[in-house]
file my_file-v5.cif (mmCIF, C-alpha atoms)
data_work
loop_
_atom_site.label_atom_id
_atom_site.label_comp_id
_atom_site.auth_asym_id
_atom_site.auth_seq_id
_atom_site.Cartn_x
_atom_site.Cartn_y
_atom_site.Cartn_z
CA MET F 110 0.00 0.00 0.00
CA ASN F 111 1.11 3.52 -0.61
CA ASN F 112 -0.41 4.92 2.63
CA TRP F 113 -1.83 7.94 0.84
CA LYS F 114 -3.07 10.71 3.06
CA SER F 115 -5.05 13.73 2.05
CA ASP F 116 -3.07 16.92 1.57
CA LEU F 117 -5.96 19.24 2.48
CA LYS F 118 -4.61 22.19 4.40
CA ASN F 119 -7.84 24.10 4.97
CA TRP F 120 -10.19 21.19 5.55
CA LYS F 121 -12.34 23.38 7.79
CA LYS F 122 -13.54 25.18 4.65
CA ILE F 123 -15.11 21.96 3.37
CA SER F 124 -18.87 21.86 3.77
CA LYS F 125 -20.71 18.97 5.31
CA ASP F 126 -22.24 18.14 1.91
CA THR F 127 -18.82 18.10 0.24
CA ALA F 128 -17.44 15.80 2.94
CA LEU F 129 -20.42 13.47 2.48
CA PHE F 130 -19.80 13.49 -1.28
CA PHE F 131 -16.18 12.45 -0.63
CA LEU F 132 -17.37 9.64 1.62
CA LYS F 133 -19.94 8.44 -0.93
CA GLN F 134 -17.32 8.35 -3.69
CA SER F 135 -14.89 6.52 -1.40
CA GLU F 136 -17.54 3.95 -0.53
CA GLU F 137 -18.40 3.39 -4.20
CA SER F 138 -14.76 2.93 -5.14
CA LEU F 139 -14.22 0.51 -2.27
CA GLU F 140 -17.38 -1.40 -3.15
CA GLU F 141 -16.09 -1.82 -6.71
CA THR F 142 -12.92 -3.51 -5.42
CA VAL F 143 -15.03 -5.80 -3.21
CA ASN F 144 -17.18 -6.74 -6.21
CA THR F 145 -14.04 -7.49 -8.21
CA PHE F 146 -12.86 -9.75 -5.39
CA GLU F 147 -16.16 -11.64 -5.45
CA ASN F 148 -15.99 -11.91 -9.25
CA TYR F 149 -12.51 -13.44 -9.01
CA SER F 150 -13.77 -15.85 -6.34
CA ASN F 151 -16.51 -17.01 -8.70
CA LYS F 152 -14.03 -17.44 -11.57
CA THR F 153 -11.71 -19.40 -9.28
CA ASN F 154 -14.57 -21.70 -8.28
CA GLN F 155 -15.51 -22.28 -11.92
CA LEU F 156 -11.95 -23.09 -12.94
CA LEU F 157 -11.53 -25.40 -9.95
CA THR F 158 -14.78 -27.20 -10.75
CA ILE F 159 -13.60 -27.77 -14.32
CA SER F 160 -10.12 -28.89 -13.24
CA ILE F 161 -11.31 -31.24 -10.50
CA SER F 162 -13.96 -32.77 -12.75
CA LEU F 163 -11.55 -33.31 -15.63
CA SER F 164 -8.83 -34.74 -13.39
CA THR F 165 -11.31 -37.15 -11.78
CA ILE F 166 -12.58 -38.35 -15.14
CA SER F 167 -9.11 -38.67 -16.64
CA LEU F 168 -7.78 -40.52 -13.58
CA GLY F 169 -10.70 -42.91 -13.82
CA TYR F 170 -9.91 -43.55 -17.46
CA PHE F 171 -6.19 -43.90 -16.79
CA PHE F 172 -6.73 -46.56 -14.09
CA ASP F 173 -9.30 -48.48 -16.14
CA TYR F 174 -7.79 -51.96 -16.49
CA GLY F 175 -9.70 -52.91 -19.60
CA GLU F 176 -8.21 -52.81 -23.05
CA THR F 177 -7.88 -49.19 -23.99
CA ASN F 178 -5.97 -47.16 -26.49
CA LEU F 179 -2.45 -46.29 -25.27
CA VAL F 180 -2.67 -42.81 -26.81
CA LEU F 181 -5.81 -42.09 -24.79
CA LYS F 182 -4.27 -43.51 -21.60
CA ILE F 183 -1.27 -41.21 -21.96
CA ALA F 184 -3.57 -38.29 -22.83
CA ALA F 185 -5.57 -39.03 -19.66
CA LEU F 186 -2.39 -39.00 -17.58
CA LEU F 187 -1.21 -35.73 -19.17
CA LEU F 188 -4.64 -34.18 -18.65
CA THR F 189 -4.59 -35.21 -14.99
CA ILE F 190 -1.16 -33.64 -14.52
CA LEU F 191 -2.28 -30.45 -16.28
CA CYS F 192 -5.37 -30.22 -14.09
CA PHE F 193 -3.35 -30.75 -10.91
CA ILE F 194 -0.98 -27.96 -11.95
CA THR F 195 -4.02 -25.75 -12.59
CA ILE F 196 -5.39 -26.55 -9.13
CA LEU F 197 -2.02 -25.69 -7.61
CA ALA F 198 -2.01 -22.38 -9.48
CA LEU F 199 -5.39 -21.52 -7.94
CA HIS F 200 -4.99 -22.93 -4.44
CA LYS F 201 -4.07 -19.55 -2.90
CA ASN F 202 -7.33 -18.11 -4.22
CA LEU F 203 -9.20 -20.69 -2.14
CA PHE F 204 -8.09 -19.22 1.14
CA PHE F 205 -9.70 -15.83 1.17
CA ASP F 206 -7.27 -13.02 1.46
CA LYS F 207 -8.02 -10.26 3.90
CA ILE F 208 -9.78 -7.42 2.11
CA GLY F 209 -11.16 -4.08 3.21
CA VAL F 210 -14.91 -3.58 3.24
CA LYS F 211 -17.29 -0.68 3.85
CA GLY F 212 -17.72 0.68 7.32
CA SER F 213 -15.53 0.85 10.39
CA GLN F 214 -15.76 -0.90 13.70
CA PRO F 215 -16.73 1.36 16.60
CA LYS F 216 -13.33 0.84 18.22
CA GLN F 217 -11.78 2.46 15.15
CA ILE F 218 -13.93 5.59 15.09
CA ILE F 219 -15.06 6.25 18.65
CA LYS F 220 -11.80 7.75 19.75
CA ASP F 221 -10.99 10.65 21.97
CA LYS F 222 -8.76 12.23 19.33
CA PHE F 223 -11.85 13.14 17.30
CA PHE F 224 -13.42 15.00 20.20
CA SER F 225 -10.51 16.35 22.25
CA ASN F 226 -10.04 19.44 20.18
CA ASN F 227 -11.39 22.93 19.72
CA LEU F 228 -13.75 21.99 16.91
CA ASN F 229 -17.46 22.65 16.86
CA SER F 230 -19.79 19.71 16.23
CA GLU F 231 -19.98 20.22 12.45
CA GLU F 232 -16.18 20.46 12.16
CA GLU F 233 -15.84 17.28 14.24
CA TYR F 234 -18.29 15.54 11.93
CA ILE F 235 -16.39 16.65 8.81
CA ASN F 236 -13.09 15.65 10.44
CA ILE F 237 -14.42 12.14 11.14
CA ILE F 238 -15.72 11.80 7.57
CA LEU F 239 -12.36 12.86 6.09
CA ASN F 240 -10.53 10.42 8.36
CA GLU F 241 -12.87 7.68 7.20
CA CYS F 242 -12.10 8.60 3.58
CA ASP F 243 -8.38 8.17 4.35
CA LYS F 244 -9.11 4.72 5.82
CA TYR F 245 -11.16 3.83 2.76
CA GLN F 246 -8.25 4.72 0.51
CA ASP F 247 -6.03 2.32 2.48
CA ARG F 248 -8.65 -0.42 2.03
CA ILE F 249 -8.98 0.34 -1.69
CA ASP F 250 -5.19 0.07 -2.10
CA LEU F 251 -5.13 -3.23 -0.18
CA ASN F 252 -7.98 -4.65 -2.25
CA LYS F 253 -6.29 -3.67 -5.51
CA ILE F 254 -3.13 -5.52 -4.45
CA VAL F 255 -5.10 -8.61 -3.41
CA ASN F 256 -7.21 -8.53 -6.57
CA GLY F 257 -4.11 -8.17 -8.74
CA LYS F 258 -2.60 -11.33 -7.26
CA ARG F 259 -5.86 -13.24 -7.63
CA LYS F 260 -6.24 -12.09 -11.24
CA LYS F 261 -2.73 -13.25 -12.06
CA ARG F 262 -3.46 -16.74 -10.65
CA ILE F 263 -6.70 -16.96 -12.63
CA LYS F 264 -4.90 -15.97 -15.84
CA THR F 265 -2.24 -18.62 -15.22
CA ALA F 266 -4.88 -21.29 -14.59
CA THR F 267 -6.85 -20.29 -17.68
CA LYS F 268 -3.74 -20.45 -19.85
CA LEU F 269 -2.93 -23.91 -18.46
CA LEU F 270 -6.40 -25.18 -19.32
CA LEU F 271 -5.96 -23.92 -22.88
CA PHE F 272 -3.31 -26.63 -23.28
CA ILE F 273 -5.88 -29.42 -22.86
CA PRO F 274 -6.13 -30.13 -26.62
CA LEU F 275 -2.37 -30.53 -26.77
CA THR F 276 -2.53 -33.53 -24.42
CA ILE F 277 -3.87 -35.67 -27.27
CA ILE F 278 -1.21 -34.46 -29.70
CA LEU F 279 1.57 -34.89 -27.17
CA SER F 280 0.35 -38.38 -26.22
CA LYS F 281 0.35 -39.40 -29.91
CA ILE F 282 3.94 -38.14 -30.24
CA ILE F 283 4.99 -40.03 -27.08
CA THR F 284 3.47 -43.31 -28.35
CA MET F 285 5.41 -42.95 -31.59
CA PHE F 286 8.61 -43.35 -29.56
CA ILE F 287 7.44 -46.24 -27.38
#

call {"tool": "encode", "arguments": {"input": "my_file-v5.cif", "output": "structure tokens"}}
result
Amino acid sequence: MNNWKSDLKNWKKISKDTALFFLKQSEESLEETVNTFENYSNKTNQLLTISISLSTISLGYFFDYGETNLVLKIAALLLTILCFITILALHKNLFFDKIGVKGSQPKQIIKDKFFSNNLNSEEEYINIILNECDKYQDRIDLNKIVNGKRKKRIKTATKLLLFIPLTIILSKIITMFI
């Protein structure tokens, strides 16, 4: 995170409505990063479902003791390996990373520092809102980092699954040398 902090020097000149606008925009931006996180979770689940299903089917075919085509047996083994590598690429997306969400816990905002000052009630309110906007920016930055890592893992897994058709070709080449 870059730990951005507002550079407002005359924040007391900000109206209550302007501060609320800042907060609303901060919330919307944060919510967008949370939605992206959920979207990546759904994509991860879809890719895992595909990979686990394919690996189960191909393992079943590979261990079938009946007479089967050697090319298809090798293709099943290669497909299983490819799916396991895909699952490994996605495994960190299974364990939810810590992300920032809307709102603050009372212990984070009910602090003496917001009220032990010479501010009137409206200035205190604006001060709290601006502090919350700063916290939201930290959460947005964290979420973007987390989402970037998750996106990279999903891209890797998707690229791996694109190699599925090559398992047949590669298995045919391998059997030519056996």

call {"tool": "residues_around", "arguments": {"input": "my_file-v5.cif", "residues": "stretch 230-232 of chain F", "least_positions_apart": "2", "cutoff": "10 Å", "atoms": "only C-alpha atoms", "output": "count of residues only"}}
result
15

call {"tool": "closest_atom_pairs", "arguments": {"input": "my_file-v5.cif", "of": "stretch 201-261 of chain F", "to": "stretch 155-169 of chain F", "cutoff": "12 Å", "atoms": "all atoms listed in the file", "output": "Markdown table"}}
result
| residue | atom | partner | partner_atom | distance |
| --- | --- | --- | --- | --- |
| F:Lys201 | CA | F:Leu157 | CA | 11.8 |
| F:Asn202 | CA | F:Leu157 | CA | 10.2 |
| F:Leu203 | CA | F:Leu157 | CA | 9.4 |

call {"tool": "atom_distance", "arguments": {"input": "my_file-v5.cif", "atom1": "atom CA of F:Lys216", "atom2": "atom CA of F:Asn256"}}
result
27.2 Å

call {"tool": "atom_distance", "arguments": {"input": "my_file-v5.cif", "atom1": "atom CA of F:Glu140", "atom2": "atom CA of F:Val255"}}
result
14.2 Å

call {"tool": "resolve_selection", "arguments": {"input": "my_file-v5.cif", "expression": "the PyMOL selection byres ((chain F and resi 143) around 10)", "output": "PyMOL selection string"}}
result
chain F and resi 137-142+144-149+208-211+248-249+252-253+256

call {"tool": "closest_residue", "arguments": {"input": "my_file-v5.cif", "among": "F:Ile278, F:Leu251, F:Leu270, F:Met285", "to": "F:Thr189", "atoms": "only C-alpha atoms"}}
result
F:Leu270

call {"tool": "atom_distance", "arguments": {"input": "my_file-v5.cif", "atom1": "atom CA of F:Leu279", "atom2": "atom CA of F:Ala184"}}
result
7.5 Å

call {"tool": "closest_residue", "arguments": {"input": "my_file-v5.cif", "among": "F:Ile263, F:Ile190, F:Leu199, F:Leu179", "to": "F:Ile287", "atoms": "only C-alpha atoms"}}
result
F:Leu179

call {"tool": "closest_residue", "arguments": {"input": "my_file-v5.cif", "among": "F:Cys192, F:Ala128, F:Leu197, F:Val180", "to": "F:Phe286", "atoms": "all atoms listed in the file"}}
result
F:Val180

call {"tool": "closest_residue", "arguments": {"input": "my_file-v5.cif", "among": "F:Thr127, F:Ser213, F:Thr195, F:Thr177", "to": "F:Ile273", "atoms": "only C-alpha atoms"}}
result
F:Thr195

call {"tool": "closest_residue", "arguments": {"input": "my_file-v5.cif", "among": "F:Leu117, F:Ile218, F:Ile282, F:Leu271", "to": "F:Lys244", "atoms": "only C-alpha atoms"}}
result
F:Ile218

call {"tool": "residues_near_point", "arguments": {"input": "my_file-v5.cif", "point": "(-6.5, 14.6, -1.1)", "cutoff": "12 Å", "atoms": "only C-alpha atoms", "output": "ChimeraX atom specification"}}
result
/F:113-120,128,131,135,239-240,242-243,246

call {"tool": "closest_residue", "arguments": {"input": "my_file-v5.cif", "among": "F:Glu136, F:Asp206, F:Asp221, F:Glu241", "to": "F:Ile254", "atoms": "only C-alpha atoms"}}
result
F:Asp206

call {"tool": "build_atoms", "arguments": {"input": "my_file-v5.cif", "residues": "stretch 173-199 of chain F", "atoms": "N, CA and C atoms", "output": "mmCIF file, in the coordinates of the input"}}
result
data_model
loop_
_atom_site.group_PDB
_atom_site.id
_atom_site.type_symbol
_atom_site.label_atom_id
_atom_site.label_comp_id
_atom_site.auth_asym_id
_atom_site.auth_seq_id
_atom_site.Cartn_x
_atom_site.Cartn_y
_atom_site.Cartn_z
ATOM 1 N N ASP F 173 -8.418 -47.448 -15.606
ATOM 2 C CA ASP F 173 -9.300 -48.480 -16.140
ATOM 3 C C ASP F 173 -8.418 -49.617 -16.650
ATOM 4 N N TYR F 174 -8.670 -50.832 -16.149
ATOM 5 C CA TYR F 174 -7.790 -51.960 -16.490
ATOM 6 C C TYR F 174 -8.235 -52.718 -17.726
ATOM 7 N N GLY F 175 -9.274 -52.259 -18.371
ATOM 8 C CA GLY F 175 -9.700 -52.910 -19.600
ATOM 9 C C GLY F 175 -8.760 -52.543 -20.743
ATOM 10 N N GLU F 176 -9.030 -53.127 -21.883
ATOM 11 C CA GLU F 176 -8.210 -52.810 -23.050
ATOM 12 C C GLU F 176 -8.592 -51.427 -23.543
ATOM 13 N N THR F 177 -7.636 -50.544 -23.514
ATOM 14 C CA THR F 177 -7.880 -49.190 -23.990
ATOM 15 C C THR F 177 -6.721 -48.747 -24.863
ATOM 16 N N ASN F 178 -6.956 -47.725 -25.583
ATOM 17 C CA ASN F 178 -5.970 -47.160 -26.490
ATOM 18 C C ASN F 178 -4.849 -46.507 -25.680
ATOM 19 N N LEU F 179 -3.604 -46.834 -25.993
ATOM 20 C CA LEU F 179 -2.450 -46.290 -25.270
ATOM 21 C C LEU F 179 -2.373 -44.770 -25.417
ATOM 22 N N VAL F 180 -2.693 -44.260 -26.591
ATOM 23 C CA VAL F 180 -2.670 -42.810 -26.810
ATOM 24 C C VAL F 180 -3.630 -42.118 -25.845
ATOM 25 N N LEU F 181 -4.826 -42.695 -25.697
ATOM 26 C CA LEU F 181 -5.810 -42.090 -24.790
ATOM 27 C C LEU F 181 -5.400 -42.236 -23.329
ATOM 28 N N LYS F 182 -4.752 -43.338 -22.980
ATOM 29 C CA LYS F 182 -4.270 -43.510 -21.600
ATOM 30 C C LYS F 182 -3.228 -42.442 -21.266
ATOM 31 N N ILE F 183 -2.307 -42.231 -22.187
ATOM 32 C CA ILE F 183 -1.270 -41.210 -21.960
ATOM 33 C C ILE F 183 -1.912 -39.817 -21.931
ATOM 34 N N ALA F 184 -2.864 -39.586 -22.818
ATOM 35 C CA ALA F 184 -3.570 -38.290 -22.830
ATOM 36 C C ALA F 184 -4.292 -38.079 -21.489
ATOM 37 N N ALA F 185 -4.885 -39.131 -20.961
ATOM 38 C CA ALA F 185 -5.570 -39.030 -19.660
ATOM 39 C C ALA F 185 -4.580 -38.682 -18.556
ATOM 40 N N LEU F 186 -3.418 -39.296 -18.589
ATOM 41 C CA LEU F 186 -2.390 -39.000 -17.580
ATOM 42 C C LEU F 186 -1.916 -37.548 -17.718
ATOM 43 N N LEU F 187 -1.651 -37.118 -18.944
ATOM 44 C CA LEU F 187 -1.210 -35.730 -19.170
ATOM 45 C C LEU F 187 -2.291 -34.731 -18.753
ATOM 46 N N LEU F 188 -3.538 -35.049 -19.049
ATOM 47 C CA LEU F 188 -4.640 -34.180 -18.650
ATOM 48 C C LEU F 188 -4.734 -34.081 -17.131
ATOM 49 N N THR F 189 -4.565 -35.201 -16.455
ATOM 50 C CA THR F 189 -4.590 -35.210 -14.990
ATOM 51 C C THR F 189 -3.485 -34.321 -14.433
ATOM 52 N N ILE F 190 -2.296 -34.457 -14.979
ATOM 53 C CA ILE F 190 -1.160 -33.640 -14.520
ATOM 54 C C ILE F 190 -1.446 -32.162 -14.768
ATOM 55 N N LEU F 191 -1.956 -31.842 -15.937
ATOM 56 C CA LEU F 191 -2.280 -30.450 -16.280
ATOM 57 C C LEU F 191 -3.333 -29.880 -15.324
ATOM 58 N N CYS F 192 -4.327 -30.676 -15.011
ATOM 59 C CA CYS F 192 -5.370 -30.220 -14.090
ATOM 60 C C CYS F 192 -4.825 -30.021 -12.681
ATOM 61 N N PHE F 193 -3.947 -30.911 -12.234
ATOM 62 C CA PHE F 193 -3.350 -30.750 -10.910
ATOM 63 C C PHE F 193 -2.491 -29.479 -10.835
ATOM 64 N N ILE F 194 -1.779 -29.197 -11.906
ATOM 65 C CA ILE F 194 -0.980 -27.960 -11.950
ATOM 66 C C ILE F 194 -1.908 -26.748 -11.901
ATOM 67 N N THR F 195 -3.029 -26.830 -12.603
ATOM 68 C CA THR F 195 -4.020 -25.750 -12.590
ATOM 69 C C THR F 195 -4.576 -25.545 -11.180
ATOM 70 N N ILE F 196 -4.882 -26.641 -10.504
ATOM 71 C CA ILE F 196 -5.390 -26.550 -9.130
ATOM 72 C C ILE F 196 -4.342 -25.917 -8.220
ATOM 73 N N LEU F 197 -3.093 -26.300 -8.404
ATOM 74 C CA LEU F 197 -2.020 -25.690 -7.610
ATOM 75 C C LEU F 197 -1.895 -24.196 -7.882
ATOM 76 N N ALA F 198 -2.095 -23.798 -9.133
ATOM 77 C CA ALA F 198 -2.010 -22.380 -9.480
ATOM 78 C C ALA F 198 -3.115 -21.574 -8.795
ATOM 79 N N LEU F 199 -4.242 -22.222 -8.526
ATOM 80 C CA LEU F 199 -5.390 -21.520 -7.940
ATOM 81 C C LEU F 199 -5.530 -21.704 -6.433
#
